[in-house]
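Source file: data.txt; contents: compact mmCIF, C-alpha atoms.
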```
# COMPACT_ATOMS: atom_id res chain seq x y z
CA MET G 1 -14.16 -24.06 -27.08
CA ASN G 2 -15.34 -25.22 -23.68
CA LEU G 3 -15.85 -28.95 -24.07
CA GLY G 4 -17.45 -30.05 -20.83
CA THR G 5 -18.67 -29.33 -17.35
CA ASP G 6 -16.49 -29.25 -14.28
CA THR G 7 -15.80 -32.19 -11.99
CA HIS G 8 -18.30 -31.04 -9.38
CA THR G 9 -21.20 -31.69 -11.76
CA THR G 10 -20.09 -34.93 -13.36
CA GLY G 11 -19.98 -37.07 -10.23
CA ARG G 12 -17.32 -39.29 -11.81
CA ALA G 13 -14.20 -40.61 -10.11
CA LEU G 14 -10.82 -39.10 -10.94
CA ASP G 15 -9.69 -42.26 -12.75
CA THR G 16 -12.75 -42.03 -15.00
CA GLU G 17 -12.30 -38.32 -15.62
CA ALA G 18 -8.67 -38.90 -16.56
CA VAL G 19 -9.81 -41.17 -19.38
CA HIS G 20 -12.92 -39.30 -20.55
CA ALA G 21 -12.61 -35.59 -19.71
CA GLY G 22 -12.04 -33.46 -22.79
CA ARG G 23 -13.42 -36.24 -24.97
CA ASP G 24 -17.12 -36.06 -24.07
CA ASP G 25 -18.16 -34.89 -27.54
CA LEU G 26 -16.23 -37.45 -29.57
CA ALA G 27 -18.90 -40.14 -29.92
CA GLY G 28 -21.38 -37.54 -31.18
CA ARG G 29 -18.85 -36.55 -33.81
CA GLY G 30 -18.33 -40.14 -34.88
CA LEU G 31 -14.81 -40.19 -33.46
CA HIS G 32 -12.98 -42.32 -30.92
CA ALA G 33 -9.53 -40.66 -30.73
CA PRO G 34 -9.36 -36.87 -30.28
CA PRO G 35 -8.47 -35.02 -33.49
CA ILE G 36 -5.43 -32.75 -33.83
CA ASP G 37 -6.22 -29.31 -35.22
CA LEU G 38 -2.98 -27.78 -36.51
CA SER G 39 -4.52 -24.68 -38.09
CA THR G 40 -3.05 -21.33 -37.17
CA THR G 41 -5.95 -19.38 -38.66
CA TYR G 42 -9.57 -20.04 -39.61
CA PRO G 43 -11.79 -18.71 -42.44
CA SER G 44 -14.64 -16.35 -41.69
CA TYR G 45 -16.83 -14.44 -44.14
CA ASP G 46 -18.54 -12.42 -41.40
CA SER G 47 -16.04 -9.69 -40.55
CA ARG G 48 -18.63 -7.75 -38.52
CA GLY G 49 -19.23 -10.83 -36.42
CA GLU G 50 -15.50 -11.33 -36.01
CA ALA G 51 -15.14 -7.76 -34.78
CA GLY G 52 -17.77 -8.42 -32.12
CA ARG G 53 -16.05 -11.58 -30.95
CA ILE G 54 -12.67 -9.83 -30.76
CA ASP G 55 -14.25 -7.00 -28.75
CA ALA G 56 -15.77 -9.52 -26.35
CA PHE G 57 -12.43 -11.24 -25.85
CA ALA G 58 -10.69 -7.92 -25.26
CA ALA G 59 -13.22 -7.06 -22.57
CA THR G 60 -13.21 -10.28 -20.53
CA GLY G 61 -10.82 -12.82 -22.01
CA ALA G 62 -13.69 -15.28 -22.36
CA GLU G 63 -13.28 -17.95 -25.00
CA PRO G 64 -14.92 -16.75 -28.23
CA ASP G 65 -18.24 -18.36 -29.10
CA GLY G 66 -18.44 -20.19 -32.40
CA PRO G 67 -15.57 -21.40 -34.57
CA PRO G 68 -11.93 -20.60 -33.74
CA VAL G 69 -10.42 -17.30 -34.87
CA TYR G 70 -6.65 -17.49 -34.64
CA GLY G 71 -4.08 -19.73 -32.95
CA ARG G 72 -3.10 -17.17 -30.31
CA LEU G 73 -6.73 -16.81 -29.24
CA GLY G 74 -7.16 -20.53 -28.74
CA ASN G 75 -7.03 -23.95 -30.36
CA PRO G 76 -9.60 -26.78 -30.17
CA THR G 77 -7.03 -29.48 -29.41
CA VAL G 78 -5.44 -27.44 -26.63
CA ALA G 79 -8.92 -26.64 -25.31
CA ARG G 80 -9.59 -30.35 -24.83
CA PHE G 81 -6.54 -30.63 -22.59
CA GLU G 82 -7.53 -27.50 -20.67
CA THR G 83 -11.03 -28.84 -20.07
CA ALA G 84 -9.68 -32.18 -18.89
CA LEU G 85 -7.11 -30.68 -16.51
CA ALA G 86 -9.71 -28.34 -15.01
CA ARG G 87 -11.95 -31.30 -14.36
CA LEU G 88 -9.14 -33.24 -12.68
CA GLU G 89 -8.21 -30.27 -10.47
CA GLY G 90 -11.83 -29.41 -9.71
CA THR G 91 -11.71 -25.85 -11.07
CA GLU G 92 -13.91 -23.98 -13.52
CA SER G 93 -11.21 -23.49 -16.12
CA ALA G 94 -7.59 -24.01 -17.07
CA VAL G 95 -5.28 -22.10 -19.40
CA ALA G 96 -2.33 -23.82 -21.08
CA PHE G 97 1.00 -22.25 -22.00
CA ALA G 98 4.20 -23.13 -23.82
CA SER G 99 5.99 -24.03 -20.56
CA GLY G 100 5.56 -23.98 -16.82
CA MET G 101 7.60 -20.78 -16.60
CA ALA G 102 5.41 -19.16 -19.26
CA ALA G 103 2.40 -20.06 -17.12
CA LEU G 104 3.91 -18.54 -13.97
CA SER G 105 4.98 -15.46 -15.91
CA ALA G 106 1.43 -14.97 -17.16
CA VAL G 107 0.10 -15.08 -13.59
CA LEU G 108 2.64 -12.48 -12.45
CA LEU G 109 1.86 -10.25 -15.43
CA ALA G 110 -1.88 -10.53 -14.85
CA ARG G 111 -1.52 -9.47 -11.22
CA GLY G 112 1.07 -6.83 -11.96
CA ALA G 113 -1.19 -5.23 -14.57
CA THR G 114 -3.58 -4.30 -11.76
CA GLY G 115 -0.78 -2.69 -9.74
CA LEU G 116 -0.40 -5.67 -7.39
CA ARG G 117 3.25 -6.48 -7.98
CA HIS G 118 4.21 -7.72 -4.53
CA VAL G 119 4.49 -11.48 -4.08
CA VAL G 120 4.78 -13.44 -0.85
CA ALA G 121 6.55 -16.76 -1.43
CA VAL G 122 7.73 -19.74 0.58
CA ARG G 123 11.04 -21.44 -0.17
CA PRO G 124 12.02 -23.80 -1.59
CA LEU G 125 10.55 -23.35 -5.03
CA TYR G 126 11.73 -24.63 -8.37
CA GLY G 127 15.00 -22.81 -9.04
CA CYS G 128 13.80 -20.82 -12.06
CA SER G 129 10.62 -19.77 -10.22
CA ASP G 130 12.81 -18.53 -7.38
CA HIS G 131 15.03 -16.64 -9.83
CA LEU G 132 12.09 -15.08 -11.67
CA LEU G 133 10.80 -13.63 -8.41
CA THR G 134 14.14 -12.68 -6.85
CA ALA G 135 15.47 -10.97 -9.97
CA GLY G 136 12.25 -8.99 -10.46
CA LEU G 137 12.41 -9.71 -14.18
CA LEU G 138 8.68 -8.98 -14.61
CA GLY G 139 8.62 -6.01 -12.26
CA SER G 140 7.56 -8.02 -9.24
CA GLU G 141 8.87 -7.64 -5.69
CA VAL G 142 9.08 -10.68 -3.45
CA THR G 143 9.01 -11.23 0.30
CA TRP G 144 10.28 -14.66 1.31
CA THR G 145 8.79 -16.17 4.43
CA ASP G 146 7.92 -19.46 6.06
CA PRO G 147 4.31 -20.71 5.98
CA ALA G 148 3.60 -19.33 9.46
CA GLY G 149 4.68 -15.84 8.39
CA VAL G 150 2.45 -15.44 5.34
CA ALA G 151 -0.21 -13.29 7.02
CA ASP G 152 2.37 -10.87 8.45
CA ALA G 153 4.12 -10.56 5.09
CA LEU G 154 1.02 -9.35 3.24
CA ARG G 155 0.89 -5.72 2.08
CA PRO G 156 -1.79 -3.59 0.38
CA ASP G 157 -0.03 -4.20 -2.95
CA THR G 158 0.35 -7.97 -2.50
CA GLY G 159 -1.08 -9.66 -5.56
CA LEU G 160 -0.12 -13.27 -4.97
CA VAL G 161 1.05 -15.82 -2.45
CA LEU G 162 3.10 -18.64 -3.97
CA VAL G 163 3.94 -22.03 -2.46
CA GLU G 164 5.07 -25.36 -3.87
CA SER G 165 3.99 -28.50 -2.02
CA PRO G 166 5.68 -30.95 -2.07
CA ALA G 167 8.51 -28.54 -2.79
CA ASN G 168 11.27 -28.89 -5.33
CA PRO G 169 13.71 -30.43 -4.44
CA THR G 170 13.40 -31.05 -0.67
CA LEU G 171 9.81 -32.36 -0.88
CA ALA G 172 8.83 -30.16 2.08
CA GLU G 173 5.05 -29.97 2.50
CA VAL G 174 2.83 -27.03 3.39
CA ASP G 175 -0.53 -27.03 5.15
CA LEU G 176 -2.41 -25.61 2.17
CA ARG G 177 -5.63 -24.94 4.04
CA ALA G 178 -3.80 -22.97 6.74
CA VAL G 179 -1.87 -20.93 4.18
CA ALA G 180 -5.03 -20.24 2.17
CA HIS G 181 -6.69 -18.96 5.34
CA ALA G 182 -3.70 -16.72 6.06
CA CYS G 183 -3.92 -15.25 2.54
CA GLY G 184 -7.30 -13.67 3.15
CA SER G 185 -8.43 -12.14 -0.14
CA VAL G 186 -5.02 -12.48 -1.80
CA PRO G 187 -4.98 -15.35 -4.32
CA LEU G 188 -2.95 -18.38 -3.31
CA LEU G 189 -1.06 -20.10 -6.13
CA VAL G 190 0.05 -23.67 -5.42
CA ASP G 191 2.58 -25.36 -7.68
CA ASN G 192 1.10 -28.88 -7.78
CA THR G 193 3.60 -30.32 -10.25
CA PHE G 194 5.02 -32.97 -7.90
CA ALA G 195 1.73 -34.12 -6.38
CA THR G 196 -0.57 -33.93 -9.42
CA PRO G 197 -4.35 -34.04 -8.86
CA VAL G 198 -3.96 -37.76 -8.18
CA LEU G 199 -2.45 -37.02 -4.75
CA GLN G 200 -3.90 -33.59 -3.91
CA ARG G 201 -6.22 -30.96 -5.35
CA PRO G 202 -5.20 -27.59 -3.92
CA ALA G 203 -8.43 -25.87 -4.98
CA GLU G 204 -10.24 -28.03 -2.43
CA HIS G 205 -8.01 -26.50 0.26
CA GLY G 206 -8.59 -22.88 -0.72
CA ALA G 207 -6.06 -22.23 -3.48
CA ARG G 208 -7.39 -20.02 -6.25
CA LEU G 209 -4.64 -20.93 -8.73
CA VAL G 210 -3.03 -24.32 -9.36
CA LEU G 211 0.14 -24.37 -11.44
CA HIS G 212 1.65 -27.33 -13.26
CA SER G 213 4.77 -27.75 -15.26
CA ALA G 214 2.85 -30.06 -17.57
CA THR G 215 6.19 -31.15 -18.98
CA LYS G 216 6.43 -33.48 -15.98
CA TYR G 217 3.73 -35.93 -14.83
CA LEU G 218 0.85 -34.61 -16.95
CA GLY G 219 2.72 -35.42 -20.15
CA GLY G 220 4.56 -38.22 -18.44
CA HIS G 221 6.84 -39.41 -21.24
CA GLY G 222 9.55 -36.76 -21.49
CA ASP G 223 8.45 -35.61 -24.94
CA VAL G 224 6.37 -32.47 -24.41
CA LEU G 225 7.09 -29.01 -22.96
CA ALA G 226 4.10 -27.20 -21.47
CA GLY G 227 2.58 -25.38 -18.52
CA VAL G 228 -0.98 -24.89 -17.29
CA VAL G 229 -2.87 -22.93 -14.65
CA ALA G 230 -6.16 -24.31 -13.29
CA CYS G 231 -8.34 -21.57 -11.83
CA ASP G 232 -11.77 -19.91 -11.82
CA GLU G 233 -13.12 -18.56 -15.08
CA GLU G 234 -12.62 -14.92 -14.12
CA PHE G 235 -8.88 -15.35 -13.66
CA ALA G 236 -8.70 -17.63 -16.70
CA GLY G 237 -9.96 -14.76 -18.81
CA ARG G 238 -7.09 -12.55 -17.67
CA LEU G 239 -4.59 -15.31 -18.37
CA ARG G 240 -5.96 -15.78 -21.89
CA GLN G 241 -5.51 -12.07 -22.53
CA VAL G 242 -1.90 -12.23 -21.35
CA ARG G 243 -1.30 -15.34 -23.45
CA PHE G 244 -2.76 -13.63 -26.52
CA ALA G 245 -0.63 -10.52 -25.99
CA THR G 246 2.64 -12.28 -25.18
CA GLY G 247 2.29 -15.27 -27.49
CA GLY G 248 3.16 -17.97 -24.95
CA VAL G 249 0.76 -20.41 -26.60
CA LEU G 250 0.87 -24.19 -26.45
CA HIS G 251 1.34 -26.01 -29.75
CA PRO G 252 -1.65 -28.23 -30.68
CA LEU G 253 0.49 -31.35 -30.95
CA ALA G 254 1.67 -30.74 -27.37
CA GLY G 255 -1.97 -30.33 -26.32
CA TYR G 256 -2.79 -33.66 -27.93
CA LEU G 257 0.11 -35.43 -26.19
CA LEU G 258 -0.91 -33.93 -22.85
CA LEU G 259 -4.51 -35.06 -23.21
CA ARG G 260 -3.26 -38.54 -24.02
CA GLY G 261 -0.92 -38.38 -21.03
CA LEU G 262 -3.76 -37.52 -18.66
CA SER G 263 -5.55 -40.76 -19.50
CA THR G 264 -2.82 -42.80 -17.79
CA LEU G 265 -1.89 -40.23 -15.11
CA PRO G 266 -3.50 -42.02 -12.13
CA VAL G 267 -2.02 -45.39 -13.08
CA ARG G 268 1.45 -43.95 -13.68
CA VAL G 269 1.54 -41.86 -10.51
CA ARG G 270 0.39 -44.71 -8.27
CA ALA G 271 2.77 -47.25 -9.74
CA ALA G 272 5.76 -44.90 -9.62
CA SER G 273 4.81 -43.86 -6.08
CA ALA G 274 4.90 -47.47 -4.93
CA ASN G 275 8.42 -47.79 -6.34
CA ALA G 276 9.47 -44.49 -4.73
CA ALA G 277 8.17 -45.47 -1.30
CA GLU G 278 10.15 -48.71 -1.40
CA LEU G 279 13.32 -46.96 -2.54
CA ALA G 280 12.89 -44.32 0.17
CA ARG G 281 12.63 -47.10 2.75
CA ARG G 282 15.80 -48.81 1.52
CA LEU G 283 17.75 -45.56 1.24
CA ALA G 284 16.76 -44.57 4.79
CA ALA G 285 18.25 -47.81 6.09
CA ASP G 286 21.48 -47.48 4.11
CA PRO G 287 24.59 -46.27 6.01
CA ARG G 288 25.86 -44.48 2.88
CA VAL G 289 22.84 -42.17 3.01
CA ALA G 290 22.65 -39.37 5.58
CA ARG G 291 19.02 -38.35 5.16
CA VAL G 292 16.01 -39.21 3.02
CA HIS G 293 13.15 -36.86 2.17
CA TYR G 294 9.83 -38.39 1.17
CA PRO G 295 6.43 -36.62 1.37
CA ARG G 296 3.67 -37.65 3.74
CA ILE G 297 1.22 -37.69 0.84
CA GLY G 298 3.50 -40.05 -1.09
CA GLY G 299 4.45 -39.53 -4.69
CA ALA G 300 7.14 -40.58 -7.10
CA MET G 301 9.86 -38.15 -5.97
CA VAL G 302 12.59 -39.01 -3.46
CA SER G 303 15.41 -36.72 -2.34
CA PHE G 304 18.36 -37.95 -0.33
CA GLU G 305 21.61 -36.64 1.04
CA VAL G 306 24.71 -38.83 0.83
CA HIS G 307 27.75 -39.02 3.09
CA GLY G 308 30.04 -39.37 0.09
CA ASP G 309 30.40 -37.46 -3.16
CA PRO G 310 26.99 -36.86 -4.79
CA HIS G 311 28.65 -36.30 -8.16
CA ALA G 312 30.07 -39.83 -8.00
CA VAL G 313 26.53 -41.15 -7.61
CA ILE G 314 25.39 -39.18 -10.67
CA ALA G 315 28.33 -40.57 -12.65
CA GLY G 316 27.72 -44.10 -11.41
CA VAL G 317 24.13 -44.77 -12.44
CA ARG G 318 23.50 -46.89 -15.51
CA LEU G 319 19.75 -47.65 -15.54
CA VAL G 320 18.62 -44.38 -14.00
CA THR G 321 19.22 -41.46 -16.36
CA PRO G 322 21.26 -38.51 -15.01
CA ALA G 323 19.19 -35.62 -16.38
CA VAL G 324 17.11 -32.62 -15.40
CA SER G 325 13.32 -32.71 -15.32
CA LEU G 326 11.12 -35.37 -13.75
CA GLY G 327 7.81 -37.18 -14.00
CA SER G 328 8.64 -39.45 -16.91
CA VAL G 329 7.97 -43.19 -17.13
CA ASP G 330 11.71 -43.74 -16.72
CA SER G 331 13.73 -42.77 -13.65
CA LEU G 332 15.87 -39.62 -13.60
CA ILE G 333 18.40 -38.33 -11.07
CA GLN G 334 20.06 -34.94 -10.72
CA HIS G 335 22.11 -32.80 -8.33
CA PRO G 336 19.96 -29.71 -7.61
CA ALA G 337 22.80 -27.52 -6.34
CA SER G 338 24.54 -27.95 -9.70
CA ILE G 339 21.58 -27.75 -12.07
CA SER G 340 17.93 -27.04 -11.21
CA HIS G 341 18.74 -24.72 -8.29
CA ARG G 342 22.15 -23.46 -9.41
CA ILE G 343 20.60 -20.12 -10.33
CA VAL G 344 19.49 -19.57 -6.72
CA ASP G 345 21.94 -17.73 -4.43
CA ALA G 346 24.04 -20.33 -2.59
CA ASP G 347 23.09 -19.09 0.90
CA ASP G 348 19.40 -18.92 -0.01
CA ARG G 349 19.66 -22.39 -1.48
CA ARG G 350 21.22 -23.89 1.63
CA ASN G 351 18.86 -22.03 3.98
CA ALA G 352 15.96 -23.61 2.07
CA GLY G 353 17.39 -27.07 2.77
CA VAL G 354 19.04 -27.64 -0.62
CA SER G 355 22.39 -28.93 0.58
CA ASP G 356 25.38 -29.60 -1.64
CA ARG G 357 25.01 -33.34 -0.93
CA LEU G 358 21.33 -33.53 -1.89
CA LEU G 359 20.25 -35.66 -4.85
CA ARG G 360 16.78 -35.62 -6.39
CA LEU G 361 15.39 -38.84 -7.79
CA SER G 362 12.33 -38.99 -10.04
CA VAL G 363 11.22 -42.60 -9.81
CA GLY G 364 9.74 -44.23 -12.90
CA LEU G 365 7.98 -47.46 -13.77
CA GLU G 366 10.96 -49.82 -13.95
CA ASP G 367 11.08 -52.87 -11.70
CA VAL G 368 12.03 -51.67 -8.23
CA GLU G 369 14.68 -54.35 -7.81
CA ASP G 370 16.46 -53.17 -10.95
CA LEU G 371 16.30 -49.58 -9.74
CA TRP G 372 17.70 -50.50 -6.35
CA ALA G 373 20.51 -52.53 -7.90
CA ASP G 374 21.51 -49.48 -9.95
CA LEU G 375 21.40 -47.09 -6.98
CA ASP G 376 23.21 -49.58 -4.75
CA ALA G 377 26.07 -49.81 -7.25
CA ALA G 378 26.20 -46.03 -7.78
CA LEU G 379 26.38 -45.35 -4.04
CA GLY G 380 29.65 -47.28 -3.88
CA GLU G 381 31.17 -49.49 -1.23
CA ARG G 382 29.21 -49.68 2.01
CA ALA G 383 32.41 -49.81 4.04
CA GLY G 384 33.13 -46.21 3.08
CA ALA G 385 30.30 -44.85 5.23
CA THR G 386 31.08 -44.06 8.87
CA ALA G 387 27.96 -42.22 10.05
CA ARG G 388 24.60 -43.72 10.91
CA PRO G 389 21.67 -42.77 8.66
CA GLU G 390 19.17 -40.35 10.07
CA GLU G 391 15.51 -41.20 10.30
CA LEU G 392 13.47 -40.93 7.14
CA ALA G 393 12.50 -37.25 6.84
CA ARG G 394 8.85 -36.69 6.05
CA GLY G 395 7.71 -33.51 4.35
```
Target format structure tokens, applied to this file:
Amino acid sequence: MNLGTDTHTTGRALDTEAVHAGRDDLAGRGLHAPPIDLSTTYPSYDSRGEAGRIDAFAATGAEPDGPPVYGRLGNPTVARFETALARLEGTESAVAFASGMAALSAVLLARGATGLRHVVAVRPLYGCSDHLLTAGLLGSEVTWTDPAGVADALRPDTGLVLVESPANPTLAEVDLRAVAHACGSVPLLVDNTFATPVLQRPAEHGARLVLHSATKYLGGHGDVLAGVVACDEEFAGRLRQVRFATGGVLHPLAGYLLLRGLSTLPVRVRAASANAAELARRLAADPRVARVHYPRIGGAMVSFEVHGDPHAVIAGVRLVTPAVSLGSVDSLIQHPASISHRIVDADDRRNAGVSDRLLRLSVGLEDVEDLWADLDAALGERAGATARPEELARG
């Protein structure tokens, strides 16, 4: 079900790929919009041929040649999204899952199956990713380090190095090329959810695996739950085998919505990033705000620490929605220490820069003046602040 070549051979700009990747065959089929294939199973009168295709999949995890076999082996609509995302990230392949955590779990299971259960990771990560590693729920063992300590943390049984840049929720950035060099032969997985391929493509900096919670910017409208790993074809085969065995498949309708979301990804990310940069500037100059975090590469996420009660800010917004998740066309705000990172040990959370006064803002496509008016009101009276704001914190 491979539907196209990778980005390196097309020579097309990212904006063009976002619109056309995964759809290259449509005109030849007499179609304009991608079809949705909801079948869970497919007829075949050649059982000997089916046996051969199943054997081939069991050996390598390669996508079966010919018509589809069964929904857990793959789906044509989902395959279109996978092809498109791989093209945008500049990798050979991509494998989609039912959620971002299902995608990360599949990577850990694939590495653990070869006896390489040790993971080197850099905090902060998304709270549930942190918990999955720390709790050892999939039999993994984790060593936490800073980016400079990655090489020293590697062991003979290290199967993966994991970083998130910009990181959730502090927006701290990592020198991906330097970390990839420190990894040596150990695969580097970069969670690229916040940046998206619009702002950075980790594979170009040496990452072997690129993870997305596709629920966020790739879908972009708050109506689809999904995860995806962009990688080389060899690793994709292992991930498909794990997906087949564990059943963490993406529903075809979600695959369709994600492919549609990709077509506007560059436009949405750039417009929301412009709003975020302006809000970061205003927040940094506001005496009610102690510190603002905004990445050097830009993006639509802003985190800021307040002098007052962060919970009062959450309760005070009216246009911005107080809710978990991010990356939608509308703006969302949440208190990480209470929700997204609550599952992380309090000391580990604070040591990673996730203070109890930190708020995370996912900036949407609303008019920036309306957004600022809402935040200004939620922050409360200016006279209540006594400390001077710190300089805008980058990365």
Could you pull the residues within 10 Å of range 363-379 of chain G, counting only C-alpha atoms, minus those fewer than 3 positions along the same chain, as a compact mmCIF listing (two decimals) with C-alpha atoms, in the coordinates of the input?
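Heads up, here's the output in selection.txt:
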```txt
# COMPACT_ATOMS: atom_id res chain seq x y z
CA GLY G 220 4.56 -38.22 -18.44
CA ARG G 268 1.45 -43.95 -13.68
CA VAL G 269 1.54 -41.86 -10.51
CA ARG G 270 0.39 -44.71 -8.27
CA ALA G 271 2.77 -47.25 -9.74
CA ALA G 272 5.76 -44.90 -9.62
CA SER G 273 4.81 -43.86 -6.08
CA ALA G 274 4.90 -47.47 -4.93
CA ASN G 275 8.42 -47.79 -6.34
CA ALA G 276 9.47 -44.49 -4.73
CA ALA G 277 8.17 -45.47 -1.30
CA GLU G 278 10.15 -48.71 -1.40
CA LEU G 279 13.32 -46.96 -2.54
CA ARG G 282 15.80 -48.81 1.52
CA LEU G 283 17.75 -45.56 1.24
CA ASP G 286 21.48 -47.48 4.11
CA ARG G 288 25.86 -44.48 2.88
CA VAL G 289 22.84 -42.17 3.01
CA GLY G 299 4.45 -39.53 -4.69
CA ALA G 300 7.14 -40.58 -7.10
CA MET G 301 9.86 -38.15 -5.97
CA VAL G 302 12.59 -39.01 -3.46
CA VAL G 306 24.71 -38.83 0.83
CA HIS G 307 27.75 -39.02 3.09
CA GLY G 308 30.04 -39.37 0.09
CA ASP G 309 30.40 -37.46 -3.16
CA PRO G 310 26.99 -36.86 -4.79
CA ALA G 312 30.07 -39.83 -8.00
CA VAL G 313 26.53 -41.15 -7.61
CA ILE G 314 25.39 -39.18 -10.67
CA ALA G 315 28.33 -40.57 -12.65
CA GLY G 316 27.72 -44.10 -11.41
CA VAL G 317 24.13 -44.77 -12.44
CA ARG G 318 23.50 -46.89 -15.51
CA LEU G 319 19.75 -47.65 -15.54
CA VAL G 320 18.62 -44.38 -14.00
CA LEU G 326 11.12 -35.37 -13.75
CA GLY G 327 7.81 -37.18 -14.00
CA SER G 328 8.64 -39.45 -16.91
CA VAL G 329 7.97 -43.19 -17.13
CA ASP G 330 11.71 -43.74 -16.72
CA SER G 331 13.73 -42.77 -13.65
CA LEU G 332 15.87 -39.62 -13.60
CA ILE G 333 18.40 -38.33 -11.07
CA ARG G 360 16.78 -35.62 -6.39
CA ARG G 382 29.21 -49.68 2.01
CA GLY G 384 33.13 -46.21 3.08
```
key: Between CA of Thr264 in chain G and CA of Ala18 in chain G, distance in Å (one decimal)   =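 Pair CA of Thr264 in chain G / CA of Ala18 in chain G returns 7.1 Å.
Among G:Phe81, G:Phe304, G:Tyr294, G:Tyr45, the residue with the shortest atom-to-atom distance to Ala226 in chain G, counting only C-alpha atoms, is G:Phe81.
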For Ala84 in chain G, list every protein, DNA or RNA residue within 12 Å, evaluated using only C-alpha atoms, and leave out those in the same chain fewer than 2 positions away; present the list as a compact mmCIF listing (two decimals) with C-alpha atoms, keeping the file's coordinate frame.
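Below you can see out.txt, which holds the result:
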```
# COMPACT_ATOMS: atom_id res chain seq x y z
CA ASN G 2 -15.34 -25.22 -23.68
CA LEU G 3 -15.85 -28.95 -24.07
CA GLY G 4 -17.45 -30.05 -20.83
CA THR G 5 -18.67 -29.33 -17.35
CA ASP G 6 -16.49 -29.25 -14.28
CA THR G 7 -15.80 -32.19 -11.99
CA LEU G 14 -10.82 -39.10 -10.94
CA ASP G 15 -9.69 -42.26 -12.75
CA THR G 16 -12.75 -42.03 -15.00
CA GLU G 17 -12.30 -38.32 -15.62
CA ALA G 18 -8.67 -38.90 -16.56
CA VAL G 19 -9.81 -41.17 -19.38
CA HIS G 20 -12.92 -39.30 -20.55
CA ALA G 21 -12.61 -35.59 -19.71
CA GLY G 22 -12.04 -33.46 -22.79
CA ARG G 23 -13.42 -36.24 -24.97
CA ASP G 24 -17.12 -36.06 -24.07
CA THR G 77 -7.03 -29.48 -29.41
CA VAL G 78 -5.44 -27.44 -26.63
CA ALA G 79 -8.92 -26.64 -25.31
CA ARG G 80 -9.59 -30.35 -24.83
CA PHE G 81 -6.54 -30.63 -22.59
CA GLU G 82 -7.53 -27.50 -20.67
CA ALA G 86 -9.71 -28.34 -15.01
CA ARG G 87 -11.95 -31.30 -14.36
CA LEU G 88 -9.14 -33.24 -12.68
CA GLU G 89 -8.21 -30.27 -10.47
CA GLY G 90 -11.83 -29.41 -9.71
CA THR G 91 -11.71 -25.85 -11.07
CA GLU G 92 -13.91 -23.98 -13.52
CA SER G 93 -11.21 -23.49 -16.12
CA ALA G 94 -7.59 -24.01 -17.07
CA VAL G 95 -5.28 -22.10 -19.40
CA ALA G 96 -2.33 -23.82 -21.08
CA PRO G 197 -4.35 -34.04 -8.86
CA LEU G 218 0.85 -34.61 -16.95
CA VAL G 228 -0.98 -24.89 -17.29
CA ALA G 230 -6.16 -24.31 -13.29
CA GLY G 255 -1.97 -30.33 -26.32
CA TYR G 256 -2.79 -33.66 -27.93
CA LEU G 258 -0.91 -33.93 -22.85
CA LEU G 259 -4.51 -35.06 -23.21
CA ARG G 260 -3.26 -38.54 -24.02
CA GLY G 261 -0.92 -38.38 -21.03
CA LEU G 262 -3.76 -37.52 -18.66
CA SER G 263 -5.55 -40.76 -19.50
CA LEU G 265 -1.89 -40.23 -15.11
```
task = Find the spatial neighbours of Val174 in chain G, counting only C-alpha atoms, within a cut-off of 8 Å - ignore same-chain residues fewer than 2 positions away - and output them as a ChimeraX atom specification.
result = /G:147,163-166,172,176,179
Just write the chosen residues, C-alpha atoms, as a PDB file, in the frame of the given file.
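Output contents, as saved in again.pdb:
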```pdb
ATOM      1  CA  PRO G 147       4.310 -20.710   5.980  1.00  0.00           C
ATOM      2  CA  VAL G 163       3.940 -22.030  -2.460  1.00  0.00           C
ATOM      3  CA  GLU G 164       5.070 -25.360  -3.870  1.00  0.00           C
ATOM      4  CA  SER G 165       3.990 -28.500  -2.020  1.00  0.00           C
ATOM      5  CA  PRO G 166       5.680 -30.950  -2.070  1.00  0.00           C
ATOM      6  CA  ALA G 172       8.830 -30.160   2.080  1.00  0.00           C
ATOM      7  CA  LEU G 176      -2.410 -25.610   2.170  1.00  0.00           C
ATOM      8  CA  VAL G 179      -1.870 -20.930   4.180  1.00  0.00           C
TER       9      VAL G 179
END
```
task = Grab the CA of Gly71 in chain G to CA of Gly237 in chain G distance for me, in Å with one decimal place.
result =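 It comes out at 16.1 Å.
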inquiry  = Using all atoms listed in the file, can you tell me which of G:Ala113, G:Thr134, G:Asn75, G:Cys128 comes closest to Asp37 in chain G?
reply    = G:Asn75
Between CA of Leu211 in chain G and CA of Thr193 in chain G, distance in Å (one decimal) = 7.0 Å
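Closest to Leu160 in chain G among G:Gly115, G:Pro76, G:Pro124, G:Pro68 is G:Gly115, based on all atoms listed in the file.
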key: Selection near Asp348 in chain G, 10 Å with only C-alpha atoms, sequence-local residues under 5 positions removed, as a list in words   =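 Near Asp348 in chain G, the qualifying residues are Arg123, Pro124, Asp130, Gly353 and Val354 of chain G.
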